[in-house]
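Asks: Input structure: upload_21.cif, which contains mmCIF, C-alpha atoms and all ligand atoms.
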```
data_work
#
loop_
_atom_site.label_atom_id
_atom_site.label_comp_id
_atom_site.auth_asym_id
_atom_site.auth_seq_id
_atom_site.Cartn_x
_atom_site.Cartn_y
_atom_site.Cartn_z
CA MET A 18 89.32 230.47 292.10
CA SER A 19 90.69 230.02 288.57
CA GLY A 20 92.47 233.39 288.92
CA THR A 21 95.14 231.84 291.19
CA LEU A 22 95.81 228.71 289.16
CA THR A 23 98.72 228.37 286.75
CA VAL A 24 97.98 227.71 283.10
CA GLU A 25 99.08 224.10 283.60
CA GLU A 26 96.68 223.68 286.54
CA LEU A 27 93.87 225.33 284.54
CA ASP A 28 94.55 222.94 281.67
CA ARG A 29 94.45 219.93 283.98
CA ARG A 30 91.18 221.15 285.51
CA PHE A 31 89.33 222.46 282.43
CA GLY A 32 91.19 221.23 279.33
CA ILE A 33 89.56 218.69 276.97
CA ALA A 34 92.05 216.47 275.15
CA GLY A 35 92.12 217.32 271.46
CA ARG A 36 89.42 219.98 271.85
CA ALA A 37 90.34 222.70 274.34
CA GLN A 38 93.77 223.60 275.66
CA LEU A 39 94.90 226.31 278.08
CA LEU A 40 97.96 228.21 276.92
CA ASN A 41 99.63 231.51 277.76
CA ASP A 42 98.87 234.47 275.50
CA PRO A 43 101.58 236.97 274.44
CA GLY A 44 100.96 238.83 277.72
CA GLY A 45 101.59 235.70 279.75
CA LEU A 46 97.91 235.39 280.65
CA PRO A 47 95.83 232.24 280.11
CA LYS A 48 93.82 231.71 276.95
CA VAL A 49 91.75 228.79 275.72
CA ARG A 50 92.54 227.42 272.27
CA VAL A 51 89.69 225.42 270.78
CA THR A 52 90.30 222.95 267.96
CA SER A 53 87.50 220.74 266.61
CA PRO A 54 86.40 219.28 263.26
CA GLU A 55 83.98 222.23 262.99
CA SER A 56 86.30 225.12 263.79
CA THR A 57 89.25 226.60 265.64
CA GLY A 58 89.17 229.56 267.98
CA GLU A 59 90.73 231.38 270.91
CA ILE A 60 89.34 233.23 273.95
CA HIS A 61 91.40 234.98 276.63
CA LEU A 62 90.80 235.38 280.35
CA HIS A 63 91.85 238.96 279.65
CA GLY A 64 88.47 240.53 279.05
CA ALA A 65 86.87 237.15 278.17
CA GLN A 66 87.87 238.32 274.73
CA VAL A 67 87.55 236.07 271.70
CA THR A 68 90.47 236.81 269.37
CA SER A 69 90.07 234.09 266.77
CA TRP A 70 87.42 231.96 265.08
CA ALA A 71 87.78 230.09 261.82
CA PRO A 72 85.17 227.54 260.69
CA ALA A 73 86.67 224.43 259.08
CA GLY A 74 87.69 225.16 255.49
CA ALA A 75 87.31 228.92 255.91
CA GLU A 76 89.72 231.78 256.62
CA GLU A 77 89.95 233.57 259.94
CA VAL A 78 86.79 235.62 260.59
CA VAL A 79 87.97 237.76 263.49
CA PHE A 80 90.48 240.61 263.03
CA LEU A 81 93.32 240.96 265.55
CA SER A 82 95.85 243.79 265.24
CA ARG A 83 99.49 242.76 264.85
CA HIS A 84 100.18 245.66 267.22
CA ALA A 85 97.72 244.63 269.92
CA ARG A 86 98.90 245.20 273.48
CA TRP A 87 98.75 242.29 275.91
CA GLU A 88 98.84 244.04 279.29
CA GLN A 89 96.54 243.86 282.29
CA GLY A 90 94.49 247.05 282.46
CA LYS A 91 94.84 247.64 278.72
CA ALA A 92 92.38 246.75 275.97
CA ILE A 93 93.33 244.22 273.30
CA ARG A 94 92.97 245.81 269.81
CA GLY A 95 90.82 243.46 267.82
CA GLY A 96 88.82 240.34 268.52
CA ILE A 97 85.52 240.79 270.38
CA PRO A 98 85.94 243.17 273.31
CA ILE A 99 83.04 243.33 275.78
CA CYS A 100 81.88 246.86 276.56
CA PHE A 101 80.03 247.15 279.91
CA PRO A 102 78.48 248.98 281.82
CA TRP A 103 79.00 252.03 279.59
CA PHE A 104 79.84 252.47 275.92
CA ARG A 105 82.51 254.88 274.67
CA GLY A 106 83.30 257.60 277.24
CA LYS A 107 81.52 257.70 280.61
CA ALA A 108 79.09 260.61 280.39
CA ASP A 109 79.75 261.93 283.90
CA ASN A 110 83.45 261.06 284.26
CA SER A 111 85.96 261.85 281.52
CA GLN A 112 88.69 260.10 283.53
CA ALA A 113 86.88 256.77 283.40
CA PRO A 114 88.17 254.24 280.84
CA ALA A 115 86.34 254.02 277.49
CA HIS A 116 83.88 251.17 277.07
CA GLY A 117 83.56 250.32 280.74
CA VAL A 118 85.45 248.17 283.21
CA VAL A 119 85.36 244.54 282.13
CA ARG A 120 87.38 244.42 278.88
CA THR A 121 90.64 245.21 280.70
CA ARG A 122 90.36 242.86 283.63
CA ILE A 123 91.18 239.16 284.12
CA TRP A 124 88.03 237.04 284.24
CA ALA A 125 87.53 233.69 285.96
CA LEU A 126 87.27 230.53 283.86
CA GLU A 127 83.99 228.83 284.84
CA SER A 128 83.73 225.88 282.50
CA ILE A 129 84.61 224.29 279.16
CA GLY A 130 82.23 221.76 277.66
CA GLN A 131 81.32 220.02 274.44
CA ASN A 132 77.75 220.06 273.08
CA ALA A 133 75.84 219.73 269.82
CA GLU A 134 76.78 223.31 268.81
CA GLY A 135 80.50 222.89 269.47
CA VAL A 136 82.88 223.65 272.33
CA SER A 137 81.54 226.17 274.88
CA VAL A 138 83.83 228.22 277.10
CA SER A 139 82.33 230.24 279.99
CA MET A 140 84.06 233.01 281.93
CA SER A 141 82.79 235.44 284.56
CA THR A 142 83.67 238.54 286.51
CA ALA A 143 81.86 240.62 289.11
CA SER A 144 81.73 244.00 290.80
CA ASP A 145 84.40 244.76 293.38
CA PRO A 146 86.03 247.81 295.04
CA ASP A 147 87.72 248.73 291.73
CA THR A 148 84.47 248.76 289.79
CA ARG A 149 82.58 250.52 292.60
CA ARG A 150 85.02 253.41 292.43
CA LEU A 151 83.70 254.07 288.90
CA TRP A 152 80.19 252.63 288.90
CA PRO A 153 77.89 251.82 291.85
CA GLY A 154 76.06 248.80 290.38
CA GLU A 155 76.51 245.34 291.96
CA PHE A 156 76.83 242.91 289.09
CA ARG A 157 78.05 239.56 287.89
CA VAL A 158 78.64 239.07 284.16
CA LEU A 159 79.10 235.81 282.29
CA GLN A 160 80.41 235.35 278.76
CA ARG A 161 79.72 232.03 277.08
CA ALA A 162 81.42 231.52 273.72
CA THR A 163 80.50 228.48 271.63
CA PHE A 164 82.95 227.63 268.86
CA GLY A 165 81.43 225.41 266.16
CA LYS A 166 80.19 225.71 262.58
CA GLU A 167 78.89 229.00 263.93
CA LEU A 168 80.32 231.22 266.63
CA LYS A 169 77.75 232.01 269.31
CA LEU A 170 78.29 234.53 272.10
CA GLU A 171 75.92 234.84 275.05
CA PHE A 172 76.69 237.74 277.39
CA THR A 173 74.65 237.70 280.59
CA VAL A 174 74.41 240.57 283.05
CA SER A 175 72.99 239.84 286.52
CA ASN A 176 72.10 242.53 289.06
CA THR A 177 73.42 241.06 292.31
CA GLY A 178 72.58 244.11 294.41
CA THR A 179 69.53 245.62 296.07
CA SER A 180 69.14 248.63 293.74
CA PRO A 181 68.11 248.73 290.07
CA PHE A 182 70.73 249.89 287.57
CA ARG A 183 70.86 251.04 283.95
CA PHE A 184 73.70 249.84 281.72
CA GLU A 185 75.01 249.90 278.17
CA GLU A 186 76.67 246.92 276.53
CA ALA A 187 78.29 245.93 273.27
CA LEU A 188 79.95 242.88 271.75
CA HIS A 189 82.44 245.01 269.84
CA THR A 190 83.27 242.54 267.06
CA TYR A 191 86.20 243.31 264.74
CA TYR A 192 85.54 241.34 261.52
CA LYS A 193 88.50 240.52 259.34
CA VAL A 194 87.77 241.73 255.80
CA GLY A 195 89.58 241.68 252.47
CA ASP A 196 89.29 245.45 252.05
CA ALA A 197 87.09 247.63 254.27
CA ARG A 198 86.45 249.96 251.31
CA LYS A 199 84.82 247.10 249.38
CA VAL A 200 82.57 245.49 252.01
CA ARG A 201 78.80 246.05 252.20
CA ILE A 202 76.79 245.67 255.39
CA ARG A 203 73.22 244.73 254.51
CA GLY A 204 70.15 244.88 256.77
CA LEU A 205 70.12 248.48 258.04
CA ASP A 206 68.33 250.16 255.14
CA GLY A 207 65.91 252.81 256.47
CA VAL A 208 67.23 252.55 260.05
CA ALA A 209 67.89 255.77 261.97
CA TYR A 210 71.41 256.25 263.28
CA LEU A 211 73.55 258.71 265.21
CA ASP A 212 76.72 259.68 263.35
CA ASN A 213 79.50 259.96 265.94
CA THR A 214 81.84 261.47 263.34
CA ASP A 215 79.36 264.32 262.86
CA GLY A 216 78.36 265.41 266.35
CA ASN A 217 76.02 262.44 266.71
CA ARG A 218 73.69 264.03 264.18
CA ARG A 219 70.61 261.86 263.54
CA LYS A 220 70.49 260.38 260.00
CA THR A 221 68.73 257.56 258.14
CA GLN A 222 70.59 254.71 256.42
CA GLN A 223 70.00 254.44 252.69
CA GLY A 224 70.68 250.94 251.36
CA ASP A 225 73.77 248.98 252.37
CA VAL A 226 76.37 250.50 254.67
CA VAL A 227 79.58 251.10 252.77
CA ILE A 228 82.82 252.39 254.33
CA SER A 229 84.26 255.30 252.37
CA ALA A 230 85.39 257.58 255.21
CA PRO A 231 85.79 257.47 259.02
CA THR A 232 82.62 255.67 260.09
CA ASP A 233 81.11 255.50 263.59
CA ASN A 234 77.36 254.99 263.32
CA ALA A 235 75.02 253.89 266.09
CA TYR A 236 71.89 252.33 264.56
CA MET A 237 69.04 252.54 267.02
CA ASN A 238 65.96 250.39 267.70
CA THR A 239 67.05 247.63 265.38
CA SER A 240 67.16 243.90 266.09
CA ALA A 241 67.75 243.08 262.44
CA GLY A 242 70.08 240.30 261.33
CA LEU A 243 72.88 241.52 259.08
CA GLN A 244 75.06 240.31 256.25
CA LEU A 245 78.66 241.41 255.94
CA LEU A 246 79.32 240.98 252.21
CA ASP A 247 83.01 240.69 251.33
CA SER A 248 83.73 240.62 247.59
CA VAL A 249 87.52 240.40 248.14
CA LEU A 250 87.43 237.33 250.41
CA ASN A 251 84.39 236.14 248.42
CA ARG A 252 82.35 235.42 251.54
CA GLN A 253 79.42 236.67 253.52
CA VAL A 254 79.13 236.65 257.30
CA GLN A 255 75.59 236.21 258.51
CA ILE A 256 75.15 237.99 261.86
CA THR A 257 72.04 237.33 263.95
CA LYS A 258 71.32 238.67 267.40
CA GLN A 259 68.83 238.44 270.27
CA ASN A 260 67.99 241.03 272.94
CA SER A 261 70.08 243.66 271.17
CA HIS A 262 68.32 246.80 269.98
CA SER A 263 71.24 248.81 268.63
CA THR A 264 74.08 248.10 266.20
CA VAL A 265 77.29 250.08 265.86
CA VAL A 266 79.37 250.14 262.67
CA TRP A 267 82.92 251.46 263.04
CA ASN A 268 86.03 251.91 260.97
CA PRO A 269 88.59 254.61 261.92
CA TRP A 270 89.78 255.03 258.31
CA ALA A 271 93.35 256.24 257.71
CA GLU A 272 93.24 259.36 259.85
CA GLY A 273 91.55 257.67 262.78
CA ALA A 274 93.99 254.76 262.62
CA GLN A 275 96.93 257.15 262.98
CA ALA A 276 95.66 258.07 266.44
CA LEU A 277 95.64 254.42 267.53
CA SER A 278 99.15 253.27 268.53
CA ASP A 279 98.03 249.65 268.78
CA LEU A 280 96.71 249.52 265.20
CA GLY A 281 99.19 249.14 262.35
CA GLN A 282 99.38 251.80 259.62
CA ASP A 283 97.12 250.11 257.01
CA GLU A 284 95.41 247.59 259.25
CA TRP A 285 92.17 249.67 259.21
CA GLN A 286 91.70 248.28 255.68
CA GLN A 287 91.47 244.71 257.04
CA MET A 288 88.83 245.37 259.69
CA ALA A 289 85.19 246.38 260.04
CA CYS A 290 83.47 246.53 263.41
CA VAL A 291 79.82 245.50 263.54
CA GLU A 292 78.69 245.58 267.14
CA ALA A 293 75.52 244.06 268.58
CA SER A 294 74.72 246.36 271.45
CA ASN A 295 72.29 248.15 273.73
CA ILE A 296 73.50 251.74 273.98
CA LEU A 297 72.20 255.27 274.43
CA ASP A 298 68.37 255.20 274.39
CA ASN A 299 68.53 251.41 274.07
CA ALA A 300 70.39 251.03 277.39
CA ILE A 301 68.95 248.34 279.68
CA GLU A 302 67.30 248.80 283.08
CA LEU A 303 67.79 245.85 285.42
CA ALA A 304 66.01 245.34 288.74
CA PRO A 305 67.74 243.60 291.67
CA LEU A 306 68.24 239.86 291.09
CA GLU A 307 67.22 240.21 287.46
CA GLY A 308 69.36 239.07 284.51
CA HIS A 309 69.66 239.99 280.86
CA THR A 310 71.36 238.04 278.04
CA ILE A 311 72.43 239.42 274.67
CA THR A 312 73.21 236.75 272.06
CA VAL A 313 75.13 237.06 268.81
CA THR A 314 75.61 234.25 266.31
CA MET A 315 77.81 234.45 263.23
CA ALA A 316 78.02 232.05 260.28
CA VAL A 317 80.18 232.18 257.16
CA ASN A 318 79.06 231.28 253.64
CA PRO A 319 80.55 231.79 250.19
CA LEU A 320 79.33 234.98 248.51
O1 LIG A 401 82.56 251.19 268.60
C1 LIG A 401 83.02 252.33 268.05
C2 LIG A 401 83.83 253.11 269.07
O2 LIG A 401 83.04 253.46 270.14
C3 LIG A 401 84.50 254.30 268.40
O3 LIG A 401 83.95 255.50 268.86
C4 LIG A 401 85.99 254.11 268.71
O4 LIG A 401 86.38 254.81 269.80
C5 LIG A 401 86.08 252.61 268.91
O5 LIG A 401 84.91 252.28 269.58
C6 LIG A 401 87.31 252.07 269.58
O6 LIG A 401 87.36 252.37 270.91
P1 LIG A 401 88.66 252.00 271.77
O7 LIG A 401 88.39 252.53 273.14
O8 LIG A 401 88.81 250.50 271.75
O9 LIG A 401 89.85 252.66 271.09
#
```
Mind turning the file's structure into structure tokens?
Ligand code: TA6
Replies:
Amino acid sequence: MSGTLTVEELDRRFGIAGRAQLLNDPGGLPKVRVTSPESTGEIHLHGAQVTSWAPAGAEEVVFLSRHARWEQGKAIRGGIPICFPWFRGKADNSQAPAHGVVRTRIWALESIGQNAEGVSVSMSTASDPDTRRLWPGEFRVLQRATFGKELKLEFTVSNTGTSPFRFEEALHTYYKVGDARKVRIRGLDGVAYLDNTDGNRRKTQQGDVVISAPTDNAYMNTSAGLQLLDSVLNRQVQITKQNSHSTVVWNPWAEGAQALSDLGQDEWQQMACVEASNILDNAIELAPLEGHTITVTMAVNPL
């Protein structure tokens, strides 16, 4: 339904005066801009992707590349892409797009509402002939983003078919940081991880995660809350999650950034990805008519 409406019609139907407005993004696709006494934020129908959140009195928390592409079928570099139903490359199909099929498509706007936690925006998408060409599962996914003193994301997967399926998922958050080389990610000490820059060799985290080289670690069997400590911006981001058993930490570093045409030369220094996920051995099995929700909440405090 909402897919056929103009941005003006969407705003008339879903907009909330002074709180939530529908606008066109640089690609000419609808986005919701939230403004409230608690925070400001933006989420796009393109991938149901949050690209901005700033609590009142604080700087932007979410990194968005100045070179991001805004094209249907292409991923937006930055923000909070949703990876589903596979993470990274598709094991049995090297032609399939990385990180699944939902981050590059236009979702339907379901609702915008105000509640005690802030302004909540819900968007959905579902399986269709395009997804079935790559993945047999019948699904409906819903992303609910609540912009308030905290940013809360609830990503729900429903199996709408008659067969069980197994899927991976990630809320691939790009955090804006003062200098990636000076941040510390606390809460993964002693956790086993697979190092994707080293043939996915199994290692164990010692102390805080620091970024001093290309980093692409998948921490397994961990539901721990994390702190992203940023001595340059003098703030800490508290990250808590539910129903997520893996966490990915990624930064391409200089050499990795060169391979990414939609990331500016030195922009890797302003970003750190910390991704609440269920990947690899933590992938989720879902029976027909069953649902699963992963929740991530982030809050900002001075260091
Ligand atoms: O989350 C880390 C990762 O899987 C890395 O391996 C790297 O590829 C990154 O995602 C970005 O992926 P993208 O497909 O958006 O370029």
Asks: Identify, counting all atoms listed in the file, the protein, DNA and RNA residues located within 8 Å of ligand LIG 401 (chain A), and give them as a compact mmCIF listing (two decimals) with C-alpha atoms, in the coordinates of the input.
Replies:
```txt
# COMPACT_ATOMS: atom_id res chain seq x y z
CA ALA A 92 92.38 246.75 275.97
CA ILE A 93 93.33 244.22 273.30
CA ARG A 94 92.97 245.81 269.81
CA PHE A 104 79.84 252.47 275.92
CA ARG A 105 82.51 254.88 274.67
CA PRO A 114 88.17 254.24 280.84
CA ALA A 115 86.34 254.02 277.49
CA HIS A 116 83.88 251.17 277.07
CA HIS A 189 82.44 245.01 269.84
CA ASN A 213 79.50 259.96 265.94
CA ASP A 233 81.11 255.50 263.59
CA ASN A 234 77.36 254.99 263.32
CA VAL A 265 77.29 250.08 265.86
CA VAL A 266 79.37 250.14 262.67
CA TRP A 267 82.92 251.46 263.04
CA ASN A 268 86.03 251.91 260.97
CA PRO A 269 88.59 254.61 261.92
CA LEU A 277 95.64 254.42 267.53
CA CYS A 290 83.47 246.53 263.41
CA GLU A 292 78.69 245.58 267.14
```
Asks: Would you compute, for all listed atoms of range 111-121 of chain A, the axis-aligned bounding box grown by 5 Å on each side, and then report its centre and edge lengths in Å rounded to one decimal, as JSON?
Replies:
```
{"center_x": 87.1, "center_y": 253.1, "center_z": 280.3, "size_x": 17.1, "size_y": 27.4, "size_z": 16.5}
```
Asks: Neighbours of Ser53 in chain A within 12 Å (only C-alpha atoms; same-chain residues fewer than 3 positions away dropped), as an NGL selection string?
Replies: :A and (33-38 or 50 or 56-59 or 70-74 or 131-132 or 134-137 or 163-166)
Asks: What does the structure give for the distance between CA of Arg86 in chain A and CA of Pro43 in chain A, in Å to one decimal?
Replies: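 Rounded to one decimal, the two atoms are 8.7 Å apart.
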Asks: Skipping near chain neighbours, those fewer than 5 positions away, what residues fall within 8 Å of Gly117 in chain A using all atoms listed in the file, listed as a list in words?
Replies: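 Answer for this query is Cys100, Phe101, Pro102, Trp103, Phe104, Arg105 and Lys107 of chain A.
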Asks: Which distance in Å separates CA of Thr232 in chain A and CA of Ala316 in chain A, to one decimal?
Replies: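 Computing it gives 24.1 Å between the two atoms.
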Asks: Tell me, in Å to one decimal, how far CA of Gly64 in chain A is from CA of Val118 in chain A.
Replies: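 Answer for the CA of Gly64 in chain A to CA of Val118 in chain A separation: 9.2 Å.
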Asks: Please determine, counting all atoms listed in the file, which residue among A:Gly45, A:Leu39, A:Val208, A:Gly308 has the shortest atom-to-atom distance to Val138 in chain A.
Replies: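 Once distances to Val138 in chain A are computed over all atoms listed in the file, the minimum belongs to A:Leu39.
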Asks: Counting only C-alpha atoms, which of A:Gly32, A:Gly95, A:Pro54, A:Pro47 gets nearest to Met288 in chain A?
Replies: A:Gly95
Asks: For Phe80 in chain A, which of A:Thr177, A:Thr314, A:Asn299, A:Gln286 is the closest residue, counting all atoms listed in the file?
Replies: A:Gln286
Asks: Please provide as a PyMOL selection string all residues within 12 Å of Val291 in chain A, with the sequence filter that same-chain residues fewer than 6 positions apart are discarded (counting only C-alpha atoms).
Replies: chain A and resi 79-80+95-98+187-194+197+200-205+226+228+232-236+242-245+254-258+263-268+313+315
Asks: Name the closest residue to Pro319 in chain A among the candidates A:Leu246, A:Leu306, A:Leu280, A:Ala300; distances are taken between atoms, counting only C-alpha atoms.
Replies: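 Under the stated criterion, the closest residue is A:Leu246.
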Asks: When you count only C-alpha atoms, which of these residues is closest to Glu284 in chain A: A:Thr310, A:Thr179, A:Ser82, A:Asn238?
Replies: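 Ranked by minimum distance to Glu284 in chain A, first place goes to A:Ser82.
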Asks: Between A:Leu303, A:Asp247, A:Gln282, A:Leu297, single out the one closest to Val317 in chain A, counting only C-alpha atoms.
Replies: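 The closest residue to Val317 in chain A is A:Asp247.
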Asks: Show me, as an NGL selection string, the residues that have an atom within 10 Å of Gly178 in chain A when counting all atoms listed in the file, minus same-chain residues fewer than 2 positions from it.
Replies: :A and (144 or 153-157 or 175-176 or 180-182 or 304-307)
Asks: Near Ala230 in chain A, counting only C-alpha atoms, which residues have an atom at most 10 Å away, once you skip same-chain residues fewer than 6 positions from it, shown as a short mmCIF file (atom, residue, chain, number, x, y, z; two decimals) with C-alpha atoms, in the coordinates of the input?
Replies:
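Saved as result-v4.cif:
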```cif
data_model
loop_
_atom_site.label_atom_id
_atom_site.label_comp_id
_atom_site.auth_asym_id
_atom_site.auth_seq_id
_atom_site.Cartn_x
_atom_site.Cartn_y
_atom_site.Cartn_z
CA ARG A 198 86.45 249.96 251.31
CA THR A 214 81.84 261.47 263.34
CA ASN A 268 86.03 251.91 260.97
CA PRO A 269 88.59 254.61 261.92
CA TRP A 270 89.78 255.03 258.31
CA ALA A 271 93.35 256.24 257.71
CA GLU A 272 93.24 259.36 259.85
CA GLY A 273 91.55 257.67 262.78
#
```
